[in-house]
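Text of the file my_file-v9.txt, holding compact mmCIF, C-alpha atoms:
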# COMPACT_ATOMS: atom_id res chain seq x y z
CA VAL A 1 0.00 0.00 0.00
CA VAL A 2 1.40 3.39 -0.97
CA SER A 3 0.98 6.18 1.57
CA THR A 4 -0.09 9.63 0.46
CA GLN A 5 2.32 12.30 1.66
CA SER A 6 -0.25 14.94 2.64
CA THR A 7 -2.61 12.84 4.78
CA GLY A 8 -0.63 9.80 5.87
CA LEU A 9 -3.50 7.62 4.62
CA PRO A 10 -3.02 4.69 2.25
CA ARG A 11 -3.41 5.51 -1.42
CA LEU A 12 -6.64 4.12 -2.87
CA GLU A 13 -6.81 3.11 -6.54
CA TYR A 14 -10.58 2.84 -7.00
CA LEU A 15 -12.06 5.18 -4.37
CA LEU A 16 -11.61 8.59 -2.82
CA HIS A 17 -11.14 8.62 0.92
CA PRO A 18 -14.46 9.08 2.76
CA ARG A 19 -15.49 12.43 4.23
CA THR A 20 -15.65 11.24 7.81
CA THR A 21 -16.79 14.50 9.41
CA GLY A 22 -20.04 14.56 7.44
CA PHE A 23 -20.57 10.83 7.97
CA ILE A 24 -20.15 11.19 11.76
CA HIS A 25 -22.77 13.95 11.76
CA CYS A 26 -25.15 11.78 9.69
CA ILE A 27 -24.72 8.83 12.08
CA LYS A 28 -25.64 11.02 15.05
CA GLU A 29 -28.76 12.26 13.26
CA LEU A 30 -29.75 8.75 12.09
CA ARG A 31 -29.50 7.46 15.66
CA LYS A 32 -31.99 10.12 16.77
CA GLY A 33 -34.50 8.70 14.28
CA ASN A 34 -33.99 5.07 15.37
CA VAL A 35 -32.81 3.98 11.92
CA PRO A 36 -32.11 0.21 12.18
CA ALA A 37 -29.42 -0.15 9.49
CA LEU A 38 -27.13 1.43 6.93
CA TYR A 39 -26.91 0.10 3.39
CA ASP A 40 -23.48 0.19 1.79
CA MET A 41 -23.61 0.22 -2.02
CA THR A 42 -20.56 -0.29 -4.22
CA LEU A 43 -20.82 0.25 -7.97
CA GLY A 44 -18.70 -1.56 -10.54
CA TYR A 45 -18.43 -0.75 -14.25
CA PRO A 46 -17.00 -3.71 -16.20
CA ARG A 47 -16.63 -1.88 -19.52
CA THR A 48 -17.14 1.88 -19.85
CA LEU A 49 -16.22 3.93 -16.79
CA PRO A 50 -18.07 7.21 -16.17
CA ASP A 51 -14.81 9.08 -15.69
CA ARG A 52 -15.26 12.34 -17.59
CA GLY A 53 -18.17 13.76 -15.59
CA GLU A 54 -20.41 16.12 -17.52
CA MET A 55 -18.64 15.37 -20.81
CA ASP A 56 -19.93 11.78 -20.61
CA VAL A 57 -23.49 13.08 -20.32
CA LEU A 58 -23.06 15.64 -23.11
CA THR A 59 -21.52 13.09 -25.49
CA GLY A 60 -23.91 10.29 -24.55
CA THR A 61 -21.09 8.06 -23.29
CA MET A 62 -22.81 5.96 -20.66
CA PRO A 63 -21.74 2.72 -18.99
CA GLU A 64 -23.30 -0.21 -20.83
CA GLU A 65 -23.47 -2.19 -17.61
CA ILE A 66 -23.45 -1.34 -13.91
CA HIS A 67 -23.00 -3.90 -11.14
CA VAL A 68 -24.21 -3.05 -7.63
CA HIS A 69 -22.95 -4.76 -4.48
CA ILE A 70 -25.10 -4.07 -1.39
CA ARG A 71 -24.23 -4.80 2.23
CA ARG A 72 -26.40 -4.15 5.26
CA HIS A 73 -24.78 -2.83 8.45
CA SER A 74 -26.90 -2.85 11.57
CA MET A 75 -26.71 0.46 13.45
CA SER A 76 -25.79 -1.52 16.55
CA ASP A 77 -22.56 -2.52 14.74
CA VAL A 78 -21.63 1.10 14.04
CA PRO A 79 -19.55 2.66 16.85
CA SER A 80 -20.87 5.63 18.84
CA GLU A 81 -17.81 7.81 19.40
CA LYS A 82 -16.14 10.01 16.76
CA PRO A 83 -12.70 8.32 16.64
CA GLU A 84 -14.24 4.85 16.51
CA ILE A 85 -16.72 5.86 13.80
CA ASP A 86 -13.83 7.37 11.82
CA THR A 87 -11.83 4.14 12.11
CA TRP A 88 -14.88 1.97 11.29
CA LEU A 89 -15.66 3.98 8.13
CA ARG A 90 -12.05 3.89 6.94
CA GLU A 91 -11.89 0.13 7.45
CA LEU A 92 -15.13 -0.19 5.49
CA TRP A 93 -13.51 1.86 2.69
CA TYR A 94 -10.43 -0.38 2.66
CA ASP A 95 -12.78 -3.39 2.33
CA LYS A 96 -14.58 -1.65 -0.56
CA GLU A 97 -11.21 -1.01 -2.21
CA LYS A 98 -10.40 -4.74 -2.03
CA LEU A 99 -13.89 -5.58 -3.31
CA LEU A 100 -13.43 -3.29 -6.33
CA GLU A 101 -9.95 -4.64 -7.00
CA GLN A 102 -11.42 -8.14 -7.17
CA PHE A 103 -14.35 -6.90 -9.28
CA TYR A 104 -12.01 -5.47 -11.93
CA LYS A 105 -10.06 -8.75 -12.02
CA ASP A 106 -13.12 -11.02 -12.27
CA GLY A 107 -15.66 -8.72 -13.95
CA LYS A 108 -18.19 -9.42 -11.21
CA PHE A 109 -18.73 -9.07 -7.49
CA PRO A 110 -18.46 -12.16 -5.25
CA GLU A 111 -21.62 -14.28 -5.16
CA GLU A 112 -22.96 -12.51 -8.25
CA ASP A 113 -24.58 -14.57 -10.97
CA PRO A 114 -23.91 -12.75 -14.27
CA SER A 115 -26.57 -14.83 -16.05
CA LYS A 116 -29.31 -13.14 -13.98
CA PRO A 117 -29.16 -9.37 -14.53
CA TYR A 118 -31.51 -7.27 -12.44
CA PHE A 119 -32.24 -4.83 -15.26
CA PRO A 120 -32.36 -5.10 -19.04
CA PRO A 121 -28.89 -4.68 -20.55
CA SER A 122 -29.85 -1.61 -22.59
CA ALA A 123 -30.86 1.78 -21.24
CA ASP A 124 -30.93 3.58 -24.58
CA HIS A 125 -34.46 4.83 -23.96
CA PHE A 126 -33.04 7.05 -21.15
CA ARG A 127 -30.45 8.85 -23.28
CA ILE A 128 -32.67 11.57 -24.72
CA PRO A 129 -34.47 12.45 -21.44
CA ILE A 130 -31.13 12.57 -19.60
CA PHE A 131 -29.63 14.75 -22.34
CA VAL A 132 -32.62 17.14 -22.27
CA ILE A 133 -32.76 17.39 -18.46
CA TRP A 134 -29.00 17.83 -18.07
CA ASN A 135 -28.73 20.49 -20.77
CA SER A 136 -31.82 22.32 -19.49
CA GLY A 137 -30.12 22.58 -16.10
CA LEU A 138 -26.90 23.76 -17.73
CA PHE A 139 -28.70 26.45 -19.75
CA LEU A 140 -30.63 27.55 -16.64
CA LEU A 141 -27.35 27.92 -14.74
CA LEU A 142 -25.79 29.93 -17.59
CA TYR A 143 -28.88 32.12 -17.74
CA LEU A 144 -28.72 32.77 -13.98
CA ILE A 145 -25.02 33.62 -14.22
CA PHE A 146 -25.79 36.31 -16.81
CA VAL A 147 -28.88 37.82 -15.17
CA SER A 148 -28.42 37.29 -11.43
CA PRO A 149 -25.78 39.09 -9.36
CA VAL A 150 -26.56 36.71 -6.49
CA THR A 151 -25.62 33.69 -8.62
CA ARG A 152 -22.42 35.36 -9.83
CA SER A 153 -21.49 36.33 -6.25
CA PHE A 154 -22.17 32.81 -4.96
CA LEU A 155 -20.06 31.20 -7.69
CA LEU A 156 -17.20 33.66 -7.13
CA PHE A 157 -17.29 33.17 -3.35
CA SER A 158 -17.50 29.36 -3.51
CA ASN A 159 -14.61 29.14 -6.02
CA LEU A 160 -12.45 31.49 -3.95
CA LEU A 161 -13.20 29.47 -0.83
CA LEU A 162 -12.31 26.22 -2.59
CA PHE A 163 -9.06 27.77 -3.84
CA VAL A 164 -8.11 28.99 -0.35
CA LEU A 165 -8.94 25.64 1.26
CA SER A 166 -6.99 23.71 -1.36
CA THR A 167 -3.92 25.91 -0.83
CA LEU A 168 -4.06 25.38 2.95
CA GLY A 169 -3.82 21.63 2.52
CA HIS A 170 -6.05 18.65 2.04
CA ILE A 171 -9.65 19.63 2.89
CA GLU A 172 -10.08 16.44 4.93
CA ASP A 173 -7.10 17.48 7.11
CA ILE A 174 -8.76 20.82 7.77
CA ASP A 175 -11.98 18.98 8.77
CA ARG A 176 -9.96 16.84 11.18
CA LYS A 177 -8.34 19.90 12.78
CA PHE A 178 -11.76 21.43 13.46
CA GLU A 179 -13.11 18.15 14.83
CA ASN A 180 -9.92 17.33 16.82
CA ILE A 181 -9.73 13.85 15.31
CA GLU A 182 -6.41 12.08 15.15
CA PRO A 183 -5.30 10.63 11.77
CA ALA A 184 -6.83 7.23 11.13
CA PRO A 185 -4.72 4.08 11.41
CA GLN A 186 -3.40 2.65 8.18
CA SER A 187 -5.39 -0.57 8.20
CA GLY A 188 -2.48 -2.70 9.45
CA SER A 189 -0.72 -2.54 6.09
CA GLU A 190 2.85 -1.47 5.55
CA THR A 191 3.23 1.83 3.82
CA SER A 192 5.90 3.12 1.56
CA SER A 193 6.32 6.35 -0.29
CA SER A 194 6.16 6.34 -4.05
CA GLY A 195 9.30 7.30 -5.93
Encoded form using structure tokens:
Amino acid sequence: VVSTQSTGLPRLEYLLHPRTTGFIHCIKELRKGNVPALYDMTLGYPRTLPDRGEMDVLTGTMPEEIHVHIRRHSMSDVPSEKPEIDTWLRELWYDKEKLLEQFYKDGKFPEEDPSKPYFPPSADHFRIPIFVIWNSGLFLLLYLIFVSPVTRSFLLFSNLLLFVLSTLGHIEDIDRKFENIEPAPQSGSETSSSG
């Protein structure tokens, strides 16, 4: 496992590290509502990866196939304190990383029967509605940028804030400083720096 220099966390190939501060807040709120379980969904794309964001939508490049792996975690299995929740979530992410690594080797998740798809293999009938909805939203945003000083101010402020935060260091590190959370353990794996 290769360690990232800025965070001291292992480098993940298939996932971004989880935003633990927001997750910890969500867990506290879910416990107030007596939610019995969390459902952990992992998506795998055996052929076309959706890796270009909006350009994929604009060009109509969609994954031909999506595999979904779902695990149920009882709320009683989720720790209650911030450092333990942080560690639990990171361990879950390391497990998801291993699951995705195996998926991209085998082309399927464990215990998955590829001969029984849950949905029809083609979703072509969704292309035009997705294209229309996405571009309508894009044109609405462009319209608001031109006519609304509030929209322009918000976009300017949010981009400046993102720039400042990114120059101060990894945003997750800043979250940890505010929450007084120690860096997470490295999942028992040896780390080395890349060269």
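One finds atom CA of A:Lys82 at 9.7 Å from atom CA of A:Lys28.
Using all atoms listed in the file, the smallest distance between any of A:Arg90, A:Lys98, A:His17, A:His69 and A:Glu111 comes from A:His69.
Put simply, atom CA of A:Thr59 is 19.7 Å away from atom CA of A:Pro46.
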Which residues are close to A:Phe23, i.e. within 9 Å by all atoms listed in the file, leaving aside same-chain residues fewer than 3 positions away? Reply as a list of chain:residue names.
A:Pro18, A:Arg19, A:Thr20, A:Cys26, A:Ile27, A:Lys28, A:Ile85, A:Asp86, A:Leu89
For a test of reading the model, state the distance in Å between atom CA of A:Leu100 and atom CA of A:Arg31, rounded to one decimal.
29.3 Å
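Residues of protein, DNA or RNA having at least one counted atom within 8 Å of (-22.0, -5.8, 2.6), given all atoms listed in the file, are Tyr39, Asp40, Met41, His69, Ile70, Arg71, Arg72 and His73 of chain A.
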Neighbouring residues of A:Phe109 were defined as those with any atom within 10 Å, considering only C-alpha atoms; residues of the same chain fewer than 3 positions away were excluded. Please report them as an MDAnalysis selection string.
chainID A and resid 42:44 67:69 99:106 112:114
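Residue nearest A:Gly107, chosen from A:Ile66, A:Val150, A:Met75, A:Leu141 and counting all atoms listed in the file: A:Ile66.
Comparing the minimum interatomic distances between A:Trp93 and each of A:Glu64, A:Glu29, A:Glu13, A:Asp77, counting only C-alpha atoms, we find that A:Glu13 sits nearest.
Nearest to A:Pro10 of all the residues A:His25, A:Val132, A:Met55, A:Glu91 is A:Glu91, based on all atoms listed in the file.
Minimum distance to A:Ser136 across A:Leu16, A:Leu92, A:Leu160, A:Leu58 (counting all atoms listed in the file) occurs at A:Leu58.
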Within 12 Å of A:Arg127, counting only C-alpha atoms, which residues show up once you throw out same-chain ones fewer than 6 positions away? Write them as number ranges by chain, please.
A: 56-64, 133-134
Where atoms are missing, can you supply all heavy atoms for stretch 72-83 of chain A and output the lot as a CSV table (one decimal), keeping the file's coordinate frame?
chain,number,residue,atom,x,y,z
A,72,ARG,N,-25.6,-4.8,4.2
A,72,ARG,CA,-26.4,-4.2,5.3
A,72,ARG,C,-25.6,-4.1,6.5
A,72,ARG,O,-25.0,-5.1,6.9
A,72,ARG,CB,-27.7,-4.9,5.5
A,72,ARG,CG,-28.6,-4.4,6.5
A,72,ARG,CD,-29.8,-5.3,6.8
A,72,ARG,NE,-30.8,-4.6,7.6
A,72,ARG,CZ,-30.8,-4.7,8.9
A,72,ARG,NH1,-29.9,-5.3,9.6
A,72,ARG,NH2,-31.8,-4.1,9.6
A,73,HIS,N,-25.5,-3.0,7.2
A,73,HIS,CA,-24.8,-2.8,8.4
A,73,HIS,C,-25.8,-2.4,9.5
A,73,HIS,O,-26.4,-1.3,9.4
A,73,HIS,CB,-23.7,-1.8,8.3
A,73,HIS,CG,-22.6,-2.1,7.3
A,73,HIS,ND1,-21.6,-3.0,7.5
A,73,HIS,CD2,-22.5,-1.6,6.0
A,73,HIS,CE1,-20.9,-3.1,6.4
A,73,HIS,NE2,-21.4,-2.3,5.5
A,74,SER,N,-26.0,-3.2,10.5
A,74,SER,CA,-26.9,-2.8,11.6
A,74,SER,C,-26.3,-1.6,12.3
A,74,SER,O,-25.1,-1.6,12.5
A,74,SER,CB,-27.0,-4.0,12.5
A,74,SER,OG,-27.8,-3.6,13.7
A,75,MET,N,-27.2,-0.7,12.7
A,75,MET,CA,-26.7,0.5,13.4
A,75,MET,C,-26.1,0.1,14.8
A,75,MET,O,-25.2,0.8,15.3
A,75,MET,CB,-27.9,1.4,13.7
A,75,MET,CG,-28.3,2.2,12.5
A,75,MET,SD,-27.0,3.3,11.8
A,75,MET,CE,-27.1,4.7,13.0
A,76,SER,N,-26.4,-1.1,15.3
A,76,SER,CA,-25.8,-1.5,16.6
A,76,SER,C,-24.3,-1.9,16.3
A,76,SER,O,-23.6,-2.0,17.3
A,76,SER,CB,-26.6,-2.7,17.2
A,76,SER,OG,-26.6,-3.8,16.3
A,77,ASP,N,-23.9,-2.2,15.1
A,77,ASP,CA,-22.6,-2.5,14.7
A,77,ASP,C,-21.7,-1.3,14.5
A,77,ASP,O,-20.5,-1.4,14.4
A,77,ASP,CB,-22.5,-3.4,13.5
A,77,ASP,CG,-23.1,-4.8,13.8
A,77,ASP,OD1,-23.2,-5.2,14.9
A,77,ASP,OD2,-23.6,-5.4,12.8
A,78,VAL,N,-22.4,-0.1,14.3
A,78,VAL,CA,-21.6,1.1,14.0
A,78,VAL,C,-21.3,1.7,15.4
A,78,VAL,O,-22.1,1.9,16.2
A,78,VAL,CB,-22.5,2.1,13.2
A,78,VAL,CG1,-21.7,3.4,13.0
A,78,VAL,CG2,-22.9,1.4,11.9
A,79,PRO,N,-20.0,2.1,15.6
A,79,PRO,CA,-19.6,2.7,16.8
A,79,PRO,C,-20.3,4.0,17.1
A,79,PRO,O,-20.9,4.6,16.3
A,79,PRO,CB,-18.0,2.9,16.7
A,79,PRO,CG,-17.6,2.1,15.5
A,79,PRO,CD,-18.9,1.9,14.7
A,80,SER,N,-20.2,4.4,18.4
A,80,SER,CA,-20.9,5.6,18.8
A,80,SER,C,-20.0,6.9,18.9
A,80,SER,O,-20.5,8.0,18.8
A,80,SER,CB,-21.5,5.4,20.2
A,80,SER,OG,-22.4,4.3,20.1
A,81,GLU,N,-18.7,6.7,19.2
A,81,GLU,CA,-17.8,7.8,19.4
A,81,GLU,C,-17.1,8.2,18.1
A,81,GLU,O,-16.8,7.3,17.3
A,81,GLU,CB,-16.8,7.5,20.5
A,81,GLU,CG,-17.4,7.2,21.8
A,81,GLU,CD,-18.2,8.3,22.4
A,81,GLU,OE1,-17.8,9.5,22.3
A,81,GLU,OE2,-19.4,8.1,22.9
A,82,LYS,N,-16.7,9.5,18.0
A,82,LYS,CA,-16.1,10.0,16.8
A,82,LYS,C,-14.9,9.2,16.3
A,82,LYS,O,-14.8,8.8,15.1
A,82,LYS,CB,-15.8,11.5,16.9
A,82,LYS,CG,-16.9,12.4,16.9
A,82,LYS,CD,-16.5,13.9,17.0
A,82,LYS,CE,-17.6,14.8,17.1
A,82,LYS,NZ,-17.2,16.2,17.2
A,83,PRO,N,-13.9,9.0,17.1
A,83,PRO,CA,-12.7,8.3,16.6
A,83,PRO,C,-13.0,6.9,16.2
A,83,PRO,O,-12.4,6.4,15.2
A,83,PRO,CB,-11.7,8.3,17.8
A,83,PRO,CG,-12.2,9.4,18.7
A,83,PRO,CD,-13.7,9.5,18.5
